[in-house]
file query.txt (compact mmCIF, C-alpha atoms and all ligand atoms)
# COMPACT_ATOMS: atom_id res chain seq x y z
CA MET A 1 -10.82 36.81 -0.15
CA SER A 2 -9.88 33.27 -0.96
CA GLU A 3 -6.74 32.42 -2.93
CA LEU A 4 -7.31 30.83 -6.35
CA TYR A 5 -5.48 27.74 -7.64
CA ASP A 6 -5.74 25.31 -10.52
CA TYR A 7 -5.05 22.20 -8.45
CA ILE A 8 -5.39 21.87 -4.69
CA ILE A 9 -3.67 18.79 -3.31
CA ALA A 10 -5.09 17.96 0.12
CA GLY A 11 -2.61 15.76 1.98
CA ALA A 12 1.11 15.85 1.23
CA GLY A 13 1.98 12.22 1.91
CA ALA A 14 3.02 9.66 -0.68
CA ALA A 15 0.11 10.29 -3.05
CA GLY A 16 -0.06 14.10 -2.73
CA LEU A 17 3.68 14.59 -3.16
CA SER A 18 3.87 12.06 -5.98
CA LEU A 19 1.01 13.82 -7.78
CA ALA A 20 2.69 17.22 -7.42
CA TYR A 21 5.90 15.72 -8.83
CA HIS A 22 4.16 14.09 -11.78
CA LEU A 23 2.18 17.25 -12.60
CA ILE A 24 5.41 19.17 -13.05
CA GLU A 25 7.02 16.23 -14.90
CA ALA A 26 4.06 16.30 -17.30
CA GLY A 27 4.92 19.92 -18.07
CA LEU A 28 2.19 21.66 -16.05
CA HIS A 29 4.50 24.49 -14.94
CA GLU A 30 2.01 27.23 -15.60
CA GLN A 31 -0.73 25.89 -13.36
CA ARG A 32 -1.00 27.16 -9.81
CA ILE A 33 -0.73 24.23 -7.40
CA LEU A 34 -1.49 24.33 -3.67
CA LEU A 35 -0.18 21.57 -1.42
CA LEU A 36 -1.78 21.22 2.02
CA ASP A 37 -0.91 19.09 5.04
CA ARG A 38 -1.03 19.27 8.81
CA ALA A 39 2.65 19.93 9.31
CA PRO A 40 6.01 19.41 7.63
CA LYS A 41 7.07 15.80 7.97
CA THR A 42 10.07 15.40 10.20
CA ALA A 43 9.77 11.77 11.32
CA ASN A 44 10.64 8.56 9.53
CA ASP A 45 7.04 7.43 9.90
CA ARG A 46 7.10 4.59 7.34
CA THR A 47 9.21 2.55 4.99
CA TRP A 48 8.01 1.77 1.49
CA CYS A 49 9.00 -1.44 -0.26
CA PHE A 50 7.98 -2.35 -3.77
CA TRP A 51 9.38 -4.05 -6.83
CA GLU A 52 10.11 -2.41 -10.13
CA VAL A 53 11.87 -3.02 -13.44
CA GLY A 54 14.66 -0.50 -14.08
CA GLU A 55 14.68 2.96 -12.53
CA GLY A 56 11.59 4.66 -11.13
CA PRO A 57 10.84 8.37 -10.63
CA PHE A 58 12.21 8.38 -7.08
CA GLU A 59 15.33 6.29 -7.74
CA ARG A 60 17.48 8.96 -6.04
CA VAL A 61 15.89 8.19 -2.68
CA VAL A 62 15.97 4.41 -2.92
CA PHE A 63 17.80 3.46 0.28
CA ARG A 64 18.50 -0.19 -0.57
CA LYS A 65 17.60 -2.54 -3.39
CA TRP A 66 18.00 -6.28 -3.82
CA ASN A 67 17.95 -8.51 -6.88
CA GLN A 68 17.03 -11.55 -4.83
CA ILE A 69 14.45 -12.32 -2.17
CA TRP A 70 14.14 -15.05 0.43
CA PHE A 71 10.86 -16.92 0.78
CA HIS A 72 10.38 -19.33 3.70
CA GLY A 73 7.11 -21.24 3.73
CA GLU A 74 5.42 -24.62 3.41
CA GLY A 75 7.77 -26.85 1.38
CA ILE A 76 9.90 -23.92 0.25
CA SER A 77 12.87 -22.13 1.81
CA ARG A 78 14.72 -20.50 -1.03
CA ARG A 79 16.61 -17.44 -2.20
CA LEU A 80 14.91 -16.44 -5.44
CA GLU A 81 16.24 -14.39 -8.36
CA ILE A 82 13.59 -11.82 -9.24
CA ALA A 83 15.03 -10.40 -12.48
CA PRO A 84 13.90 -8.31 -14.31
CA TYR A 85 12.62 -6.83 -11.04
CA ALA A 86 14.56 -5.36 -8.14
CA TYR A 87 12.99 -5.17 -4.69
CA LYS A 88 13.45 -1.60 -3.46
CA MET A 89 13.13 0.23 -0.19
CA ILE A 90 12.51 3.95 0.34
CA ARG A 91 12.59 5.46 3.83
CA GLY A 92 9.72 7.87 4.43
CA LEU A 93 11.96 10.61 5.78
CA ASP A 94 14.32 10.48 2.77
CA PHE A 95 11.33 10.79 0.44
CA TYR A 96 9.81 13.72 2.38
CA ALA A 97 13.17 15.55 2.60
CA PHE A 98 13.83 15.07 -1.11
CA MET A 99 10.33 16.26 -1.98
CA ASN A 100 10.49 19.26 0.37
CA ARG A 101 13.67 20.43 -1.38
CA TRP A 102 12.13 19.81 -4.78
CA VAL A 103 8.85 21.62 -3.91
CA ALA A 104 10.82 24.65 -2.67
CA GLU A 105 12.33 24.95 -6.18
CA GLN A 106 8.95 24.99 -7.96
CA PRO A 107 7.70 28.57 -8.44
CA ASN A 108 4.13 27.42 -9.18
CA ILE A 109 3.70 25.29 -6.01
CA THR A 110 2.55 26.90 -2.75
CA VAL A 111 2.60 24.94 0.52
CA ARG A 112 0.40 25.66 3.54
CA TYR A 113 0.21 23.76 6.81
CA GLY A 114 -2.76 23.29 9.13
CA GLU A 115 -5.81 21.12 9.70
CA ILE A 116 -8.01 20.81 6.61
CA SER A 117 -11.59 21.45 7.76
CA HIS A 118 -13.54 20.92 4.54
CA ILE A 119 -13.28 20.23 0.82
CA VAL A 120 -16.49 21.09 -1.03
CA GLU A 121 -17.78 21.86 -4.52
CA ARG A 122 -18.27 25.56 -5.36
CA GLU A 123 -19.46 26.97 -8.70
CA GLY A 124 -17.54 24.85 -11.21
CA GLY A 125 -14.66 24.21 -8.85
CA VAL A 126 -13.78 23.51 -5.22
CA GLU A 127 -13.31 25.24 -1.90
CA VAL A 128 -10.91 23.95 0.72
CA GLY A 129 -10.75 25.23 4.28
CA LEU A 130 -7.60 25.19 6.38
CA GLU A 131 -7.52 26.75 9.84
CA GLY A 132 -9.98 29.54 9.02
CA GLN A 133 -8.53 30.27 5.57
CA THR A 134 -10.31 29.26 2.39
CA PHE A 135 -8.76 28.34 -0.93
CA ARG A 136 -10.54 28.03 -4.26
CA GLY A 137 -9.44 25.68 -7.00
CA ARG A 138 -10.50 24.14 -10.29
CA TRP A 139 -9.78 20.62 -8.99
CA ALA A 140 -9.03 19.13 -5.59
CA PHE A 141 -7.10 15.88 -5.08
CA SER A 142 -7.64 14.44 -1.64
CA SER A 143 -5.66 11.73 0.15
CA LEU A 144 -7.55 12.27 3.42
CA TYR A 145 -8.47 8.68 4.22
CA GLN A 146 -12.01 7.70 5.23
CA PRO A 147 -12.65 4.01 5.98
CA PRO A 148 -15.30 2.66 3.59
CA PRO A 149 -18.68 1.90 5.17
CA ARG A 150 -19.18 -1.78 6.13
CA ASN A 151 -21.14 -3.77 3.59
CA PRO A 152 -21.71 -7.56 3.77
CA ARG A 153 -20.78 -7.88 0.09
CA TYR A 154 -17.15 -7.13 0.80
CA HIS A 155 -14.25 -8.37 2.90
CA TYR A 156 -12.44 -6.44 5.59
CA LEU A 157 -9.06 -7.60 6.81
CA LEU A 158 -6.20 -5.56 8.21
CA GLN A 159 -2.53 -5.84 7.52
CA HIS A 160 -0.89 -4.82 10.77
CA PHE A 161 2.75 -4.91 11.58
CA LYS A 162 5.46 -3.79 13.91
CA GLY A 163 9.07 -3.45 12.89
CA TRP A 164 12.38 -2.81 14.61
CA VAL A 165 15.60 -1.65 13.05
CA VAL A 166 18.04 -3.90 14.88
CA LYS A 167 21.81 -3.88 15.06
CA THR A 168 23.69 -7.04 15.91
CA PRO A 169 27.25 -7.40 17.26
CA GLY A 170 28.19 -9.94 14.57
CA THR A 171 27.48 -10.12 10.83
CA VAL A 172 24.23 -12.06 10.42
CA PHE A 173 22.10 -10.55 7.66
CA ASP A 174 22.27 -11.56 3.99
CA THR A 175 22.91 -8.21 2.30
CA GLU A 176 22.23 -9.64 -1.16
CA ALA A 177 18.59 -10.55 -0.49
CA ALA A 178 15.60 -9.13 1.38
CA THR A 179 13.33 -11.64 3.11
CA PHE A 180 9.98 -11.15 1.36
CA MET A 181 7.92 -13.46 3.56
CA ASP A 182 9.07 -15.78 6.33
CA PHE A 183 6.22 -18.02 7.47
CA ARG A 184 8.30 -19.91 10.03
CA VAL A 185 6.65 -17.83 12.79
CA ALA A 186 3.80 -19.54 14.69
CA GLN A 187 0.57 -18.91 12.76
CA GLN A 188 -1.79 -19.05 15.80
CA GLY A 189 -4.95 -19.05 13.67
CA ALA A 190 -4.03 -16.04 11.52
CA VAL A 191 -1.74 -15.26 8.60
CA ARG A 192 1.52 -14.29 10.29
CA PHE A 193 4.91 -13.77 8.75
CA ALA A 194 8.08 -11.77 9.20
CA TYR A 195 10.13 -9.89 6.67
CA VAL A 196 13.68 -8.63 6.79
CA LEU A 197 15.16 -5.64 4.96
CA PRO A 198 18.92 -5.75 5.49
CA PHE A 199 20.78 -2.42 5.46
CA ASP A 200 24.13 -4.13 5.97
CA ALA A 201 25.33 -7.41 7.49
CA GLN A 202 24.70 -6.11 11.03
CA THR A 203 21.63 -3.90 10.59
CA ALA A 204 18.15 -4.65 9.29
CA LEU A 205 14.53 -3.60 9.54
CA VAL A 206 12.66 -6.68 10.74
CA GLU A 207 8.86 -6.61 10.65
CA TYR A 208 6.31 -8.93 12.28
CA THR A 209 3.15 -8.85 10.15
CA LEU A 210 -0.40 -10.23 10.32
CA PHE A 211 -3.36 -10.34 7.95
CA SER A 212 -6.37 -10.60 10.26
CA PRO A 213 -9.61 -8.81 11.16
CA GLU A 214 -8.45 -7.50 14.56
CA LEU A 215 -5.33 -5.85 15.96
CA LEU A 216 -3.24 -7.54 18.66
CA ALA A 217 -2.38 -6.15 22.07
CA PRO A 218 0.75 -3.96 21.68
CA GLU A 219 2.99 -6.40 23.60
CA ALA A 220 2.05 -9.28 21.25
CA TYR A 221 3.89 -7.63 18.34
CA ASP A 222 7.01 -7.27 20.50
CA ALA A 223 6.71 -10.92 21.52
CA GLY A 224 6.37 -11.92 17.85
CA LEU A 225 9.44 -9.89 16.91
CA ARG A 226 11.45 -11.40 19.76
CA GLU A 227 10.34 -14.91 18.86
CA TYR A 228 11.45 -14.34 15.28
CA LEU A 229 14.77 -12.66 16.03
CA GLU A 230 15.81 -15.01 18.80
CA GLY A 231 13.98 -18.27 18.07
CA ILE A 232 14.14 -18.31 14.27
CA LEU A 233 17.09 -16.13 13.29
CA GLY A 234 18.96 -17.30 16.41
CA LEU A 235 20.20 -13.83 17.44
CA GLY A 236 21.69 -13.84 20.92
CA SER A 237 21.85 -10.08 21.35
CA TYR A 238 20.79 -7.07 19.36
CA GLU A 239 20.13 -3.40 19.87
CA ILE A 240 16.81 -1.84 18.79
CA LEU A 241 17.57 1.42 16.96
CA GLU A 242 14.13 2.38 15.64
CA SER A 243 10.57 1.13 15.77
CA GLU A 244 7.69 1.34 13.25
CA PHE A 245 4.03 0.35 13.52
CA GLY A 246 1.48 0.34 10.74
CA ILE A 247 -2.03 -0.69 9.77
CA ILE A 248 -3.05 -1.04 6.13
CA PRO A 249 -6.67 -1.89 5.29
CA MET A 250 -7.04 -4.97 3.09
CA THR A 251 -10.52 -4.62 1.66
CA ASP A 252 -12.29 -5.06 -1.65
CA ALA A 253 -14.94 -2.50 -0.65
CA PRO A 254 -15.10 0.18 -3.34
CA PHE A 255 -13.43 3.52 -2.70
CA PRO A 256 -15.02 6.26 -4.80
CA ARG A 257 -12.41 7.76 -7.13
CA ARG A 258 -14.55 10.86 -7.36
CA GLN A 259 -16.07 12.50 -4.27
CA SER A 260 -17.96 14.96 -6.46
CA ALA A 261 -17.59 16.68 -9.82
CA HIS A 262 -14.23 18.35 -9.04
CA ILE A 263 -12.96 16.43 -5.99
CA ILE A 264 -10.87 13.37 -6.77
CA ASN A 265 -9.68 10.87 -4.17
CA ILE A 266 -6.10 9.70 -4.56
CA GLY A 267 -3.73 7.30 -2.81
CA MET A 268 -5.09 5.02 -0.13
CA ALA A 269 -8.22 7.19 0.05
CA GLY A 270 -8.76 6.55 -3.66
CA GLY A 271 -8.49 2.78 -3.28
CA ARG A 272 -4.93 2.43 -4.49
CA THR A 273 -4.08 -0.22 -1.88
CA LYS A 274 -3.95 -3.72 -3.39
CA ALA A 275 -6.61 -5.52 -1.36
CA SER A 276 -4.82 -8.85 -1.14
CA THR A 277 -1.33 -7.61 -0.25
CA GLY A 278 -1.51 -4.06 1.10
CA TYR A 279 1.09 -2.87 -1.41
CA THR A 280 0.20 0.70 -2.38
CA PHE A 281 3.29 2.77 -3.13
CA ARG A 282 3.93 1.77 -6.74
CA ARG A 283 0.23 1.91 -7.52
CA ILE A 284 0.25 5.50 -6.24
CA LEU A 285 3.09 6.35 -8.63
CA LYS A 286 1.18 4.85 -11.55
CA GLU A 287 -1.98 6.74 -10.56
CA SER A 288 -0.14 10.08 -10.30
CA ARG A 289 1.43 9.59 -13.72
CA ARG A 290 -1.93 8.80 -15.31
CA ILE A 291 -3.73 11.75 -13.69
CA ALA A 292 -0.97 14.15 -14.73
CA GLN A 293 -0.98 12.83 -18.31
CA ALA A 294 -4.77 13.09 -18.50
CA LEU A 295 -4.70 16.68 -17.24
CA ARG A 296 -2.01 17.53 -19.73
CA GLN A 297 -3.85 15.95 -22.66
CA THR A 298 -7.51 16.68 -21.89
CA GLY A 299 -7.57 19.24 -19.09
CA GLN A 300 -9.45 16.67 -16.97
CA PRO A 301 -7.91 14.26 -14.45
CA PHE A 302 -9.75 11.16 -15.66
CA TYR A 303 -8.17 8.19 -17.38
CA PRO A 304 -9.80 5.04 -18.74
CA GLU A 305 -10.22 2.08 -16.44
CA PRO A 306 -11.69 -1.32 -17.35
CA ALA A 307 -15.34 -1.82 -16.38
CA PHE A 308 -14.39 -5.22 -14.96
CA ASN A 309 -10.95 -5.66 -13.38
CA ARG A 310 -10.31 -9.40 -13.13
CA HIS A 311 -7.32 -8.82 -10.87
CA ALA A 312 -9.51 -6.97 -8.38
CA PHE A 313 -11.97 -9.87 -8.58
CA MET A 314 -9.13 -12.31 -7.82
CA ASP A 315 -8.19 -10.13 -4.84
CA SER A 316 -11.73 -10.60 -3.52
CA VAL A 317 -11.42 -14.36 -3.96
CA LEU A 318 -8.13 -14.44 -2.08
CA LEU A 319 -9.55 -12.26 0.70
CA ASN A 320 -12.48 -14.67 0.94
CA VAL A 321 -10.11 -17.66 1.19
CA LEU A 322 -8.22 -15.91 4.01
CA GLU A 323 -11.25 -14.51 5.82
CA LYS A 324 -13.07 -17.85 5.74
CA GLU A 325 -9.86 -19.80 6.44
CA ARG A 326 -10.60 -22.05 3.47
CA SER A 327 -6.87 -22.61 3.03
CA PRO A 328 -4.14 -21.27 5.35
CA GLY A 329 -2.49 -18.08 4.04
CA LYS A 330 0.88 -19.69 4.67
CA GLN A 331 -0.11 -22.46 2.24
CA VAL A 332 -1.52 -20.08 -0.38
CA PHE A 333 1.57 -17.84 -0.57
CA SER A 334 3.91 -20.87 -0.37
CA ASP A 335 2.11 -22.53 -3.30
CA LEU A 336 2.42 -19.36 -5.35
CA PHE A 337 6.18 -19.12 -4.84
CA ARG A 338 6.84 -22.90 -4.96
CA LYS A 339 4.99 -23.54 -8.19
CA ASN A 340 5.66 -20.39 -10.21
CA PRO A 341 8.75 -18.44 -11.22
CA PRO A 342 8.98 -15.45 -8.81
CA GLU A 343 8.84 -13.02 -11.73
CA ARG A 344 5.37 -14.37 -12.63
CA VAL A 345 4.10 -13.99 -9.06
CA LEU A 346 5.37 -10.42 -8.79
CA ARG A 347 3.92 -9.53 -12.19
CA PHE A 348 0.59 -11.07 -11.11
CA LEU A 349 0.57 -9.08 -7.86
CA ASP A 350 1.27 -5.98 -9.95
CA GLU A 351 -1.80 -6.80 -12.08
CA GLU A 352 0.34 -6.92 -15.21
CA THR A 353 -0.13 -10.58 -16.15
CA GLY A 354 -2.13 -11.77 -19.14
CA LEU A 355 -4.90 -14.37 -19.03
CA LEU A 356 -2.57 -17.34 -19.62
CA GLN A 357 -0.29 -16.36 -16.73
CA ASP A 358 -3.33 -15.80 -14.51
CA LEU A 359 -4.51 -19.33 -15.30
CA GLN A 360 -1.05 -20.69 -14.44
CA ILE A 361 -1.19 -18.83 -11.13
CA MET A 362 -4.69 -20.13 -10.40
CA ALA A 363 -3.65 -23.69 -11.18
CA SER A 364 -0.94 -23.46 -8.52
CA VAL A 365 -3.21 -22.87 -5.51
CA ASP A 366 -5.70 -25.07 -3.60
CA ILE A 367 -8.34 -25.23 -6.37
CA PRO A 368 -11.37 -26.48 -4.33
CA ALA A 369 -10.84 -23.72 -1.74
CA PHE A 370 -10.60 -21.07 -4.44
CA VAL A 371 -13.65 -22.41 -6.33
CA GLU A 372 -15.73 -22.20 -3.13
CA ALA A 373 -14.45 -18.69 -2.50
CA THR A 374 -15.21 -17.63 -6.09
CA LEU A 375 -18.79 -18.86 -5.78
CA GLU A 376 -19.25 -17.00 -2.53
CA VAL A 377 -17.77 -13.78 -3.93
CA ILE A 378 -20.16 -13.96 -6.89
CA GLY A 379 -23.08 -14.71 -4.55
CA ARG A 380 -22.22 -11.80 -2.27
CA ARG A 381 -21.94 -9.43 -5.22
CA LEU A 382 -25.35 -10.53 -6.42
CA GLY A 383 -26.63 -9.85 -2.92
CA ARG A 384 -27.36 -13.49 -2.08
CA ARG A 385 -27.21 -14.67 1.50
CA GLU A 386 -24.05 -16.60 2.35
CA PRO A 387 -24.45 -20.35 1.92
CA GLY A 388 -25.14 -22.15 5.18
CA ARG A 389 -26.20 -18.95 6.97
CA VAL A 390 -29.59 -19.20 8.66
CA ALA A 391 -31.59 -15.98 8.87
CA PRO A 392 -32.09 -14.87 12.49
CA ARG A 393 -35.53 -15.76 13.80
CA ARG A 394 -37.75 -12.79 14.46
CA GLY A 395 -40.03 -12.21 17.43
C1 LIG A 401 3.93 2.14 8.42
C2 LIG A 401 3.49 1.91 7.00
C3 LIG A 401 4.30 1.20 6.13
C4 LIG A 401 3.88 0.99 4.80
N1 LIG A 401 4.72 0.28 3.98
C5 LIG A 401 4.36 0.09 2.69
C6 LIG A 401 5.21 -0.59 1.81
O1 LIG A 401 6.27 -1.09 2.20
N2 LIG A 401 4.84 -0.70 0.50
C7 LIG A 401 3.67 -0.19 0.03
O2 LIG A 401 3.41 -0.30 -1.17
N3 LIG A 401 2.82 0.44 0.87
C8 LIG A 401 3.13 0.60 2.17
N4 LIG A 401 2.28 1.28 3.02
C9 LIG A 401 0.95 1.68 2.50
C10 LIG A 401 0.96 3.02 1.73
O3 LIG A 401 1.94 3.01 0.72
C11 LIG A 401 1.20 4.21 2.63
O4 LIG A 401 0.24 4.27 3.64
C12 LIG A 401 1.20 5.53 1.86
O5 LIG A 401 1.81 6.48 2.68
C13 LIG A 401 -0.20 5.97 1.46
O6 LIG A 401 -0.10 7.22 0.85
P1 LIG A 401 -1.27 8.31 0.93
O7 LIG A 401 -0.73 9.54 0.33
O8 LIG A 401 -2.50 7.71 0.41
O9 LIG A 401 -1.49 8.53 2.49
P2 LIG A 401 -0.50 9.27 3.48
O10 LIG A 401 0.91 9.05 3.06
O11 LIG A 401 -0.92 8.83 4.83
O12 LIG A 401 -0.83 10.82 3.25
C14 LIG A 401 -2.02 11.42 3.68
C15 LIG A 401 -1.63 12.82 4.15
O13 LIG A 401 -2.81 13.54 4.49
C16 LIG A 401 -2.54 14.32 5.64
N5 LIG A 401 -3.82 14.62 6.29
C17 LIG A 401 -4.79 13.73 6.67
N6 LIG A 401 -5.84 14.38 7.22
C18 LIG A 401 -5.53 15.71 7.18
C19 LIG A 401 -6.22 16.90 7.60
N7 LIG A 401 -7.46 16.85 8.14
N8 LIG A 401 -5.61 18.07 7.43
C20 LIG A 401 -4.37 18.17 6.87
N9 LIG A 401 -3.69 17.07 6.43
C21 LIG A 401 -4.26 15.87 6.59
C22 LIG A 401 -1.64 13.45 6.48
O14 LIG A 401 -0.87 14.24 7.39
C23 LIG A 401 -0.77 12.77 5.41
O15 LIG A 401 0.43 13.48 5.17
C24 LIG A 401 2.65 1.50 4.34
C25 LIG A 401 1.83 2.18 5.25
C26 LIG A 401 2.24 2.37 6.55
C27 LIG A 401 1.30 3.10 7.49
call {"tool": "encode", "arguments": {"input": "query.txt", "output": "structure tokens", "more": "lines below"}}
Ligand SMILES: Cc1cc2nc3c(=O)[nH]c(=O)nc-3n(C[C@H](O)[C@H](O)[C@H](O)COP(=O)(O)OP(=O)(O)OC[C@H]3O[C@@H](n4cnc5c(N)ncnc54)[C@H](O)[C@@H]3O)c2cc1C
result
Amino acid sequence: MSELYDYIIAGAGAAGLSLAYHLIEAGLHEQRILLLDRAPKTANDRTWCFWEVGEGPFERVVFRKWNQIWFHGEGISRRLEIAPYAYKMIRGLDFYAFMNRWVAEQPNITVRYGEISHIVEREGGVEVGLEGQTFRGRWAFSSLYQPPPRNPRYHYLLQHFKGWVVKTPGTVFDTEAATFMDFRVAQQGAVRFAYVLPFDAQTALVEYTLFSPELLAPEAYDAGLREYLEGILGLGSYEILESEFGIIPMTDAPFPRRQSAHIINIGMAGGRTKASTGYTFRRILKESRRIAQALRQTGQPFYPEPAFNRHAFMDSVLLNVLEKERSPGKQVFSDLFRKNPPERVLRFLDEETGLLQDLQIMASVDIPAFVEATLEVIGRRLGRREPGRVAPRRG
């Protein structure tokens, strides 16, 4: 006999846990919710940074927040006020621990651990398998990530990064401001930057990050971190307390929101990662809130989305500029922060700007490079061959 639920949430990471939280917040206390993952999370496997106005749903687990950010790039090296935003940091483990305690207090949420073997449609609902057990539900929400199939219409970059939490003997870090992007690191033919999240004047998480199609050899990230800490920040000695490595796909390839009639993809698996920046966390929170509200109001998890998202189109153009090296990424991001108020850039990256602000943003970058990229993106979408590409000779 399989157990019966209203909502089965497959994957209890950021998106699954956030959805469970928002379902209860929306007043769905009567529905039976099943939360599935491989194992309870006991490691600090990631750090989420994002910007937000005022307090968010997980304010209690915000580890640090800053009202200013540093940007070091081409023709700009400034500490920027980001009001009305604050740049916030949540440690994975704090979030998981908070959510585990919260889930334990919810009588309508059941948690099971094990490897999910399948999620399939069954007679007006879903069936999910987990280590030989089967569960039936009205809806399934899956954050089990599948890379999208390669298609020449789209762009495929990776954001890959390694970070160390370092402790220094002296006071060196600016506790009032996080470093958002520091492009003083050698670019070596890719988009490379560092960022710094200071915990206190002696401790910070320092990340060495690339946007590029391929990963580096493991020792190259360590070399990049050392070059930044010693060569650019001028640290003589430091202790490495923790280490983090991550890969976030930066692609404009479509991720189906709906696997089938009753199986909905959420989180990174549902395409919530912003293609041009890799930021995902706050978009996951927005998605969870909208799904929960839709379920509450209509009984269905669907909410309206524009047929054409111009921000997603602009992401494709930026990916094209970076992939084709039409303008160095260091230059693009420096132009954005040099020629616009930071609040406008952050609002733009959050896809909350209006047309006028978008035009102001567009006017601040290398226009010929972006026009070429726009034409190529349109051509690729229409299925045209890339300009200048000669078809391979047959025979
Ligand atoms: C190191 C790192 C740092 C990041 N930092 C930021 C950041 O600063 N800001 C930002 O906005 N985004 C960031 N991201 C991107 C994004 O926010 C995170 O990846 C986020 O965790 C995505 O949430 P998710 O729920 O989609 O996936 P996950 O959090 O990965 O959750 C998926 C869950 O599914 C489970 N699962 C998968 N397969 C199975 C299976 N077969 N059976 C059972 N369970 C399964 C996994 O165990 C996992 O718990 C970061 C990503 C990484 C990797």
call {"tool": "closest_residue", "arguments": {"input": "query.txt", "among": "A:Ser260, A:Thr273, A:Asn340, A:Asn265", "to": "Gly124 in chain A", "atoms": "all atoms listed in the file"}}
result
A:Ser260
call {"tool": "axis_aligned_box", "arguments": {"input": "query.txt", "around": "ligand LIG 401 (chain A)", "padding_each_side": "4 Å", "output": "AutoDock Vina command-line options"}}
result
--center_x -0.6 --center_y 8.5 --center_z 3.6 --size_x 21.7 --size_y 27.3 --size_z 17.6
call {"tool": "closest_atom_pairs", "arguments": {"input": "query.txt", "of": "chain A", "to": "ligand LIG 401 (chain A)", "cutoff": "7 Å", "atoms": "all atoms listed in the file", "output": "CSV"}}
result
residue,atom,partner,partner_atom,distance
A:Ala10,CA,A:LIG401,N9,6.5
A:Gly11,CA,A:LIG401,O13,3.4
A:Ala12,CA,A:LIG401,O15,4.6
A:Gly13,CA,A:LIG401,O12,3.4
A:Ala14,CA,A:LIG401,O7,3.9
A:Ala15,CA,A:LIG401,O7,3.6
A:Gly16,CA,A:LIG401,O7,5.5
A:Leu36,CA,A:LIG401,C20,6.3
A:Asp37,CA,A:LIG401,N9,3.7
A:Arg38,CA,A:LIG401,C20,4.0
A:Ala39,CA,A:LIG401,O14,7.0
A:Asp45,CA,A:LIG401,C1,6.3
A:Arg46,CA,A:LIG401,C1,4.1
A:Thr47,CA,A:LIG401,N1,5.1
A:Trp48,CA,A:LIG401,O1,3.4
A:Cys49,CA,A:LIG401,O1,3.7
A:Phe50,CA,A:LIG401,N2,5.6
A:Gly114,CA,A:LIG401,C20,5.8
A:Glu115,CA,A:LIG401,N8,3.8
A:Ile116,CA,A:LIG401,N8,3.7
A:Ser117,CA,A:LIG401,N7,6.2
A:Ser143,CA,A:LIG401,C14,5.1
A:Leu144,CA,A:LIG401,C17,4.5
A:Tyr145,CA,A:LIG401,C17,6.7
A:Glu244,CA,A:LIG401,C1,6.2
A:Phe245,CA,A:LIG401,C1,5.4
A:Gly246,CA,A:LIG401,C1,3.8
A:Ile247,CA,A:LIG401,C27,5.5
A:Ile248,CA,A:LIG401,C25,5.9
A:Ile266,CA,A:LIG401,O8,6.5
A:Gly267,CA,A:LIG401,O8,3.5
A:Met268,CA,A:LIG401,O8,3.8
A:Ala269,CA,A:LIG401,O8,5.8
A:Thr273,CA,A:LIG401,C9,6.9
A:Gly278,CA,A:LIG401,N3,6.2
A:Tyr279,CA,A:LIG401,O2,3.5
A:Thr280,CA,A:LIG401,O2,3.6
A:Phe281,CA,A:LIG401,O2,3.6
A:Arg282,CA,A:LIG401,O2,6.0
call {"tool": "atom_distance", "arguments": {"input": "query.txt", "atom1": "CA of Leu375 in chain A", "atom2": "CA of Thr251 in chain A"}}
result
18.1 Å
call {"tool": "closest_residue", "arguments": {"input": "query.txt", "among": "A:Phe308, A:Phe173, A:Tyr195, A:Trp139", "to": "Ile9 in chain A", "atoms": "only C-alpha atoms"}}
result
A:Trp139
call {"tool": "residues_around", "arguments": {"input": "query.txt", "residues": "Arg136 in chain A", "least_positions_apart": "3", "cutoff": "6 Å", "atoms": "only C-alpha atoms", "output": "list in words"}}
result
Glu3, Leu4, Val126 and Glu127 of chain A
call {"tool": "atom_distance", "arguments": {"input": "query.txt", "atom1": "CA of Leu216 in chain A", "atom2": "CA of Gln159 in chain A"}}
result
11.3 Å
call {"tool": "atom_distance", "arguments": {"input": "query.txt", "atom1": "CA of Glu59 in chain A", "atom2": "CA of Met99 in chain A"}}
result
12.6 Å
call {"tool": "closest_residue", "arguments": {"input": "query.txt", "among": "A:Met314, A:Glu176, A:Phe141, A:His155", "to": "Trp66 in chain A", "atoms": "only C-alpha atoms"}}
result
A:Glu176
call {"tool": "residues_around", "arguments": {"input": "query.txt", "residues": "Leu336 in chain A", "least_positions_apart": "3", "cutoff": "7 Å", "atoms": "all atoms listed in the file", "output": "list in words"}}
result
Val332, Phe333, Lys339, Asn340, Val345, Ile361, Ser364 and Val365 of chain A
call {"tool": "closest_residue", "arguments": {"input": "query.txt", "among": "A:Pro57, A:Pro341, A:Gly383, A:Pro368", "to": "Glu81 in chain A", "atoms": "all atoms listed in the file"}}
result
A:Pro341
call {"tool": "closest_residue", "arguments": {"input": "query.txt", "among": "A:Ala369, A:Leu157, A:Ile90, A:Leu28", "to": "Phe63 in chain A", "atoms": "all atoms listed in the file"}}
result
A:Ile90
call {"tool": "closest_residue", "arguments": {"input": "query.txt", "among": "A:Tyr154, A:Phe180, A:Phe211, A:Phe348", "to": "Asp252 in chain A", "atoms": "only C-alpha atoms"}}
result
A:Tyr154
call {"tool": "residues_around", "arguments": {"input": "query.txt", "residues": "Glu74 in chain A", "least_positions_apart": "4", "cutoff": "7 Å", "atoms": "only C-alpha atoms", "output": "ChimeraX atom specification"}}
result
/A:330-331,334
call {"tool": "residues_around", "arguments": {"input": "query.txt", "residues": "Ala220 in chain A", "least_positions_apart": "2", "cutoff": "12 Å", "atoms": "only C-alpha atoms", "output": "ChimeraX atom specification"}}
result
/A:160-162,188,208-210,215-218,222-227
